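Written out below as structure tokens is the structure these notes cover.
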Amino acid sequence: MKMGLSDHAKTLALDLLDHFGSHISAKRLWNSISWGLTVGYTSDCTAFSALHCVSYFGIAEVADSLIRKNRWDVNGTDDAGMTPLIWAARCGHEGVVRLLLREKRIQPDQHDTGSGRTALSWAAGNGDEGLVRLFLGSQSVNLGSLGRRWGKARRAAGQLFGRRYISPDSPSSSGRTPLSWAAGNGCEGVVKLLLGLGDVNPNSLDRYNRTPLLWAVRNGHQGVVVLLLGRKDLNPDLPDPEYRQTPLSWAAGYGREGVVKLLLERNDVKPNSSSRSGRTPLLWAAENGHEGIVELLLARGDTNPDIPETGYGQTPLSRAAQSGREGVVRLLLDRSDVDPDARDTKFGRTPLSWAAGNGHMGAAKLLLCREGVNPDNSSESGRTPLSWAAGNGHEGIVKLLLCQGGVSPDTRDTKSGRTPLSRAAGSGHVGVVKLLLCRDDVGPDTRDTKFGRTPLSWASGNGHEGVVELILGRCSVNTHSSSKSGRTPFLWAAANGHEGIVRLLLEQIHVKPDTPDAVFGQTPLSWAARNGHEGVVKLLLERNDVSPNSSSKSGRTPFTLAAEHGHGKVMELLQAKRVQQIDQLCPPSIP
């Protein structure tokens, strides 16, 4: 039970508040308010008066005395641009609000300078029905039958009794009306009150191009949606001007199943409406895996389940497969009017290609069981589902695809001419490489068309030692094949400092460790020295078939290249080898 202030306490409070502005507690209080209520922090509290203070705390008895003293401006703004009335409304202090509204000089529709919201806007956004009734000047809720006539009568009554009219539809700086704030925060009681007024626009757009309905839908306030849909002048299919998404589209994308059900019951809601990017509500729901919503949309006889978006040209099935939404894929594949093998317009990839490339086993299995799906259908770049799965290391899907009839395991893509094995080897996917090497119809030595590199070359250059071991274990692999730039697998490994692979390749009979590339004429030792790979340099200097003084096309030796790039330790190794050679050629004379 709240107890009133005694006369003595009130006197002490008033005495303190007379000097409030200069008191240290005022600054501390303001700092706390600025941080806690996010009104725009400022250490300055010169305008935060005693009346602002008691309005913030809701001390009606003291507020009454301060108002009577007439020392403080009841409409004055503090350092955050808030009036005493706005503070009282924002903090839900009905007693102080009543006192302030009683004043003839009060401006009840004044906006704060921070967010541009009125006292009614704050009360509505906080769901304070009592305050909203107080501001609207009526205790009745059922006002809908009076419509706009009641709004005009209320304005006239306000003028008659010398009180300023409070606009129930006044927008904030962001363009949001009290109804928008109440709807977005799920304040059903306040929404009902405001919708009962004839002069409230239920379709108002804010600066974010959202209506009250869009805010309610986005935040999942189903009760508010029901109330808004009850207004005859509300457009339930009004898209936002920026993204052109309708309330149904927002609800489908955010997974608001109850809201979707409500909207689909309306004949004036179009289930195939597309956003600016060409996405339908079904596509949003499919991509985000909202199975219940997909079912609801498909149950509408006028829903087209196969409309592609305009940007990438992907259908709902393609998006669902890409995101691994297995349940949605199953629902869409049950439809005879869905093309299970449709290629998107940007990349030319099928739903199976997306599922395989992203490792979604369940979706891939469902697609492979559907008639009309080509497991070897290639994309715009010529990559098959197997190529995508192999390149991304999805071992289970590779195994699944290799069991399908009509899948070619050694197809080269059209863009770079790389096979699935080449992709897997270059990315170091040991399990996938093992599966592919077990096939007789997979060439372990196939060169790509763009760079002329073999799977061994890619694995060696990228440092995938396990893959190199597997490939070297396969018969008839050319360990000395060179790319278009004349680089052998050994040179790639040496140049990139992969010591383990250098050791493995040096054990091979046909490896020539001193072969220069065709472009620069630099040997593996030169590249290792240039890039500062001390371990590789040391290994090569131990070989008799490696020349430490070989020169490139520009006449640079390994020592020169190491010096140019500041690799001091490599220079020391090369210098030591040179001294050793001189000592061997010119042994010291015996006395």
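If you're wondering about the labels, chains in the structure tokens are A, B, ... by order shown, residues count from 1 in each chain, ligands from 1 in order shown.
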Contact table range 178-252 of chain A vs range 119-140 of chain A, cut-off 6 Å, shortest pair per residue, only C-alpha atoms, as JSON lines:
```
{"residue": "A:Pro178", "atom": "CA", "partner": "A:Ser121", "partner_atom": "CA", "distance": 4.4}
{"residue": "A:Trp181", "atom": "CA", "partner": "A:Gly125", "partner_atom": "CA", "distance": 4.6}
{"residue": "A:Ala182", "atom": "CA", "partner": "A:Gly125", "partner_atom": "CA", "distance": 4.5}
{"residue": "A:Cys187", "atom": "CA", "partner": "A:Gly127", "partner_atom": "CA", "distance": 4.9}
{"residue": "A:Val190", "atom": "CA", "partner": "A:Glu129", "partner_atom": "CA", "distance": 5.5}
```
Using the selection just defined, write its residues with N, CA and C atoms as an mmCIF file, in the first residue's frame.
```
data_model
loop_
_atom_site.group_PDB
_atom_site.id
_atom_site.type_symbol
_atom_site.label_atom_id
_atom_site.label_comp_id
_atom_site.auth_asym_id
_atom_site.auth_seq_id
_atom_site.Cartn_x
_atom_site.Cartn_y
_atom_site.Cartn_z
ATOM 1 N N PRO A 178 1.194 6.555 -32.419
ATOM 2 C CA PRO A 178 0.910 5.772 -31.201
ATOM 3 C C PRO A 178 0.415 4.360 -31.523
ATOM 4 N N TRP A 181 3.425 2.170 -32.431
ATOM 5 C CA TRP A 181 4.189 1.754 -31.251
ATOM 6 C C TRP A 181 3.448 0.677 -30.464
ATOM 7 N N ALA A 182 2.157 0.862 -30.275
ATOM 8 C CA ALA A 182 1.367 -0.113 -29.525
ATOM 9 C C ALA A 182 1.308 -1.452 -30.261
ATOM 10 N N CYS A 187 0.671 -4.361 -27.560
ATOM 11 C CA CYS A 187 -0.231 -3.810 -26.533
ATOM 12 C C CYS A 187 -1.668 -3.856 -27.055
ATOM 13 N N VAL A 190 -4.413 -1.198 -25.811
ATOM 14 C CA VAL A 190 -4.216 0.141 -26.369
ATOM 15 C C VAL A 190 -4.586 0.158 -27.848
#
```
What's around Asp206 in chain A at 8 Å? Count only C-alpha atoms, leave out sequence neighbours fewer than 3 positions away in its own chain, and write the answer as a PyMOL selection string. chain A and resi 171+174-177+209-211
Output file for the residues above (N, CA and C atoms, as a short mmCIF file (atom, residue, chain, number, x, y, z; two decimals), in the first residue's frame):
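Output saved as again34.cif:
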```
data_model
loop_
_atom_site.label_atom_id
_atom_site.label_comp_id
_atom_site.auth_asym_id
_atom_site.auth_seq_id
_atom_site.Cartn_x
_atom_site.Cartn_y
_atom_site.Cartn_z
N PRO A 171 2.68 11.47 -35.47
CA PRO A 171 3.87 10.64 -35.69
C PRO A 171 5.09 11.15 -34.95
N SER A 174 10.52 9.24 -36.34
CA SER A 174 10.65 8.10 -37.25
C SER A 174 9.36 7.83 -38.01
N GLY A 175 8.36 8.67 -37.78
CA GLY A 175 7.10 8.51 -38.50
C GLY A 175 6.15 7.52 -37.88
N ARG A 176 6.47 7.01 -36.70
CA ARG A 176 5.61 6.01 -36.05
C ARG A 176 4.55 6.69 -35.20
N THR A 177 3.31 6.30 -35.40
CA THR A 177 2.19 6.84 -34.64
C THR A 177 2.02 6.05 -33.34
N ASN A 209 9.09 2.59 -43.65
CA ASN A 209 8.11 2.07 -44.62
C ASN A 209 7.34 0.88 -44.08
N ARG A 210 7.04 0.95 -42.79
CA ARG A 210 6.26 -0.12 -42.17
C ARG A 210 4.96 0.42 -41.61
N THR A 211 3.89 -0.33 -41.80
CA THR A 211 2.58 0.00 -41.23
C THR A 211 2.48 -0.62 -39.84
#
```
Determine, counting only C-alpha atoms, which protein, DNA and RNA residues have an atom within 6 Å of an atom of range 262-272 of chain A; residues of the same chain fewer than 4 positions away are not included. Present the result as a ChimeraX atom specification. /A:237,280,303
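Take the candidates A:Ile501, A:Ile307, A:Val511, A:Val398 and check each one against Gly357 in chain A using only C-alpha atoms; the shortest distance goes to A:Val398.
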Separation of CA of Gly278 in chain A from CA of Arg370 in chain A, in Å and rounded to one decimal: 26.8 Å
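Atom to atom, CA of Asp78 in chain A and CA of Ser49 in chain A stand 7.2 Å apart.
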Using only C-alpha atoms, determine which residues lie at most 6 Å from Asp448 in chain A, disregarding the query and same-chain residues fewer than 3 positions distant; provide the list as a ChimeraX atom specification. /A:417-418,452-453
Residue subset to file, keeping N, CA and C atoms, as a tab-separated table (two decimals), in the first residue's frame:
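part.tsv was written with the following content:
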```tsv
chain	number	residue	atom	x	y	z
A	417	GLY	N	38.25	-26.56	-66.32
A	417	GLY	CA	38.64	-27.89	-66.77
A	417	GLY	C	39.11	-28.81	-65.67
A	418	ARG	N	38.63	-28.59	-64.44
A	418	ARG	CA	39.05	-29.43	-63.32
A	418	ARG	C	38.04	-30.54	-63.06
A	452	GLY	N	46.70	-26.37	-66.51
A	452	GLY	CA	47.49	-27.54	-66.88
A	452	GLY	C	48.03	-28.29	-65.68
A	453	ARG	N	47.34	-28.20	-64.55
A	453	ARG	CA	47.82	-28.85	-63.32
A	453	ARG	C	47.06	-30.15	-63.05
```
Which of range 295-457 of chain A DSSP labels alpha helix (DSSP H), written as JSON, numbers by chain: {"A": [295, 296, 297, 298, 299, 316, 317, 318, 319, 320, 321, 322, 323, 326, 327, 328, 329, 330, 331, 332, 333, 351, 352, 353, 354, 355, 356, 357, 361, 362, 363, 364, 365, 366, 367, 368, 369, 385, 386, 387, 388, 389, 390, 391, 395, 396, 397, 398, 399, 400, 401, 402, 420, 421, 422, 423, 424, 425, 426, 427, 430, 431, 432, 433, 434, 435, 436, 437, 455, 456, 457]}
Selection from above, C-alpha atoms, as a PDB file, in the first residue's frame, can you write it?
```pdb
ATOM      1  CA  GLU A 295       1.885 -26.337 -45.866  1.00  0.00           C
ATOM      2  CA  LEU A 296      -0.556 -23.475 -45.308  1.00  0.00           C
ATOM      3  CA  LEU A 297       0.572 -21.695 -48.466  1.00  0.00           C
ATOM      4  CA  LEU A 298       0.440 -24.847 -50.569  1.00  0.00           C
ATOM      5  CA  ALA A 299      -3.073 -25.522 -49.262  1.00  0.00           C
ATOM      6  CA  PRO A 316      11.409 -22.265 -53.466  1.00  0.00           C
ATOM      7  CA  LEU A 317      12.681 -25.838 -53.920  1.00  0.00           C
ATOM      8  CA  SER A 318      16.144 -24.602 -54.900  1.00  0.00           C
ATOM      9  CA  ARG A 319      16.350 -22.344 -51.831  1.00  0.00           C
ATOM     10  CA  ALA A 320      15.105 -25.086 -49.531  1.00  0.00           C
ATOM     11  CA  ALA A 321      17.644 -27.567 -50.929  1.00  0.00           C
ATOM     12  CA  GLN A 322      20.453 -25.008 -50.624  1.00  0.00           C
ATOM     13  CA  SER A 323      19.598 -24.391 -46.958  1.00  0.00           C
ATOM     14  CA  GLU A 326      14.568 -31.404 -45.627  1.00  0.00           C
ATOM     15  CA  GLY A 327      10.926 -31.186 -44.541  1.00  0.00           C
ATOM     16  CA  VAL A 328      10.216 -28.359 -46.971  1.00  0.00           C
ATOM     17  CA  VAL A 329      11.976 -30.216 -49.802  1.00  0.00           C
ATOM     18  CA  ARG A 330       9.721 -33.209 -49.147  1.00  0.00           C
ATOM     19  CA  LEU A 331       6.572 -31.051 -49.224  1.00  0.00           C
ATOM     20  CA  LEU A 332       7.559 -29.378 -52.492  1.00  0.00           C
ATOM     21  CA  LEU A 333       8.597 -32.625 -54.189  1.00  0.00           C
ATOM     22  CA  PRO A 351      18.348 -28.036 -56.402  1.00  0.00           C
ATOM     23  CA  LEU A 352      20.473 -31.221 -56.262  1.00  0.00           C
ATOM     24  CA  SER A 353      23.596 -29.213 -57.097  1.00  0.00           C
ATOM     25  CA  TRP A 354      22.917 -26.855 -54.166  1.00  0.00           C
ATOM     26  CA  ALA A 355      22.121 -29.678 -51.749  1.00  0.00           C
ATOM     27  CA  ALA A 356      25.212 -31.661 -52.790  1.00  0.00           C
ATOM     28  CA  GLY A 357      27.534 -28.661 -52.668  1.00  0.00           C
ATOM     29  CA  MET A 361      22.433 -35.420 -47.305  1.00  0.00           C
ATOM     30  CA  GLY A 362      18.720 -35.657 -46.487  1.00  0.00           C
ATOM     31  CA  ALA A 363      17.710 -33.170 -49.179  1.00  0.00           C
ATOM     32  CA  ALA A 364      20.032 -34.837 -51.716  1.00  0.00           C
ATOM     33  CA  LYS A 365      18.489 -38.273 -51.059  1.00  0.00           C
ATOM     34  CA  LEU A 366      14.967 -36.913 -51.489  1.00  0.00           C
ATOM     35  CA  LEU A 367      15.886 -35.248 -54.788  1.00  0.00           C
ATOM     36  CA  LEU A 368      17.627 -38.354 -56.146  1.00  0.00           C
ATOM     37  CA  CYS A 369      14.476 -40.394 -55.437  1.00  0.00           C
ATOM     38  CA  PRO A 385      26.669 -32.116 -58.258  1.00  0.00           C
ATOM     39  CA  LEU A 386      29.567 -34.545 -57.766  1.00  0.00           C
ATOM     40  CA  SER A 387      32.089 -31.791 -58.523  1.00  0.00           C
ATOM     41  CA  TRP A 388      30.501 -29.477 -55.925  1.00  0.00           C
ATOM     42  CA  ALA A 389      30.303 -32.206 -53.297  1.00  0.00           C
ATOM     43  CA  ALA A 390      33.875 -33.371 -53.930  1.00  0.00           C
ATOM     44  CA  GLY A 391      35.299 -29.846 -53.905  1.00  0.00           C
ATOM     45  CA  GLU A 395      32.189 -37.550 -48.384  1.00  0.00           C
ATOM     46  CA  GLY A 396      28.754 -39.083 -47.761  1.00  0.00           C
ATOM     47  CA  ILE A 397      27.170 -37.286 -50.694  1.00  0.00           C
ATOM     48  CA  VAL A 398      30.086 -38.223 -52.975  1.00  0.00           C
ATOM     49  CA  LYS A 399      29.515 -41.866 -52.056  1.00  0.00           C
ATOM     50  CA  LEU A 400      25.777 -41.465 -52.688  1.00  0.00           C
ATOM     51  CA  LEU A 401      26.313 -39.875 -56.108  1.00  0.00           C
ATOM     52  CA  LEU A 402      28.894 -42.443 -57.200  1.00  0.00           C
ATOM     53  CA  PRO A 420      36.048 -33.783 -59.084  1.00  0.00           C
ATOM     54  CA  LEU A 421      39.344 -35.448 -58.072  1.00  0.00           C
ATOM     55  CA  SER A 422      41.264 -32.270 -58.874  1.00  0.00           C
ATOM     56  CA  ARG A 423      38.874 -30.220 -56.712  1.00  0.00           C
ATOM     57  CA  ALA A 424      39.043 -32.652 -53.803  1.00  0.00           C
ATOM     58  CA  ALA A 425      42.837 -32.983 -54.005  1.00  0.00           C
ATOM     59  CA  GLY A 426      43.378 -29.228 -54.126  1.00  0.00           C
ATOM     60  CA  SER A 427      41.206 -28.744 -51.036  1.00  0.00           C
ATOM     61  CA  VAL A 430      41.386 -37.178 -48.050  1.00  0.00           C
ATOM     62  CA  GLY A 431      38.178 -39.218 -47.717  1.00  0.00           C
ATOM     63  CA  VAL A 432      36.764 -37.984 -51.012  1.00  0.00           C
ATOM     64  CA  VAL A 433      40.087 -38.524 -52.799  1.00  0.00           C
ATOM     65  CA  LYS A 434      40.165 -42.087 -51.504  1.00  0.00           C
ATOM     66  CA  LEU A 435      36.644 -42.758 -52.842  1.00  0.00           C
ATOM     67  CA  LEU A 436      37.466 -41.347 -56.270  1.00  0.00           C
ATOM     68  CA  LEU A 437      40.819 -43.116 -56.590  1.00  0.00           C
ATOM     69  CA  PRO A 455      45.534 -33.468 -58.883  1.00  0.00           C
ATOM     70  CA  LEU A 456      49.046 -34.221 -57.560  1.00  0.00           C
ATOM     71  CA  SER A 457      50.148 -30.708 -58.508  1.00  0.00           C
TER      72      SER A 457
END
```
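The coordinates place CA of Ala216 in chain A at 19.1 Å from CA of Leu197 in chain A.
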Residues near Ile106 in chain A, cut-off 8 Å, only C-alpha atoms, skip fewer than 5 positions along chain, as JSON, numbers by chain: {"A": [74, 75, 100, 101]}
So which one's closest to Ile67 in chain A, A:Thr523, A:Gly81, A:Glu257, A:Leu51? Using only C-alpha atoms, please. A:Leu51
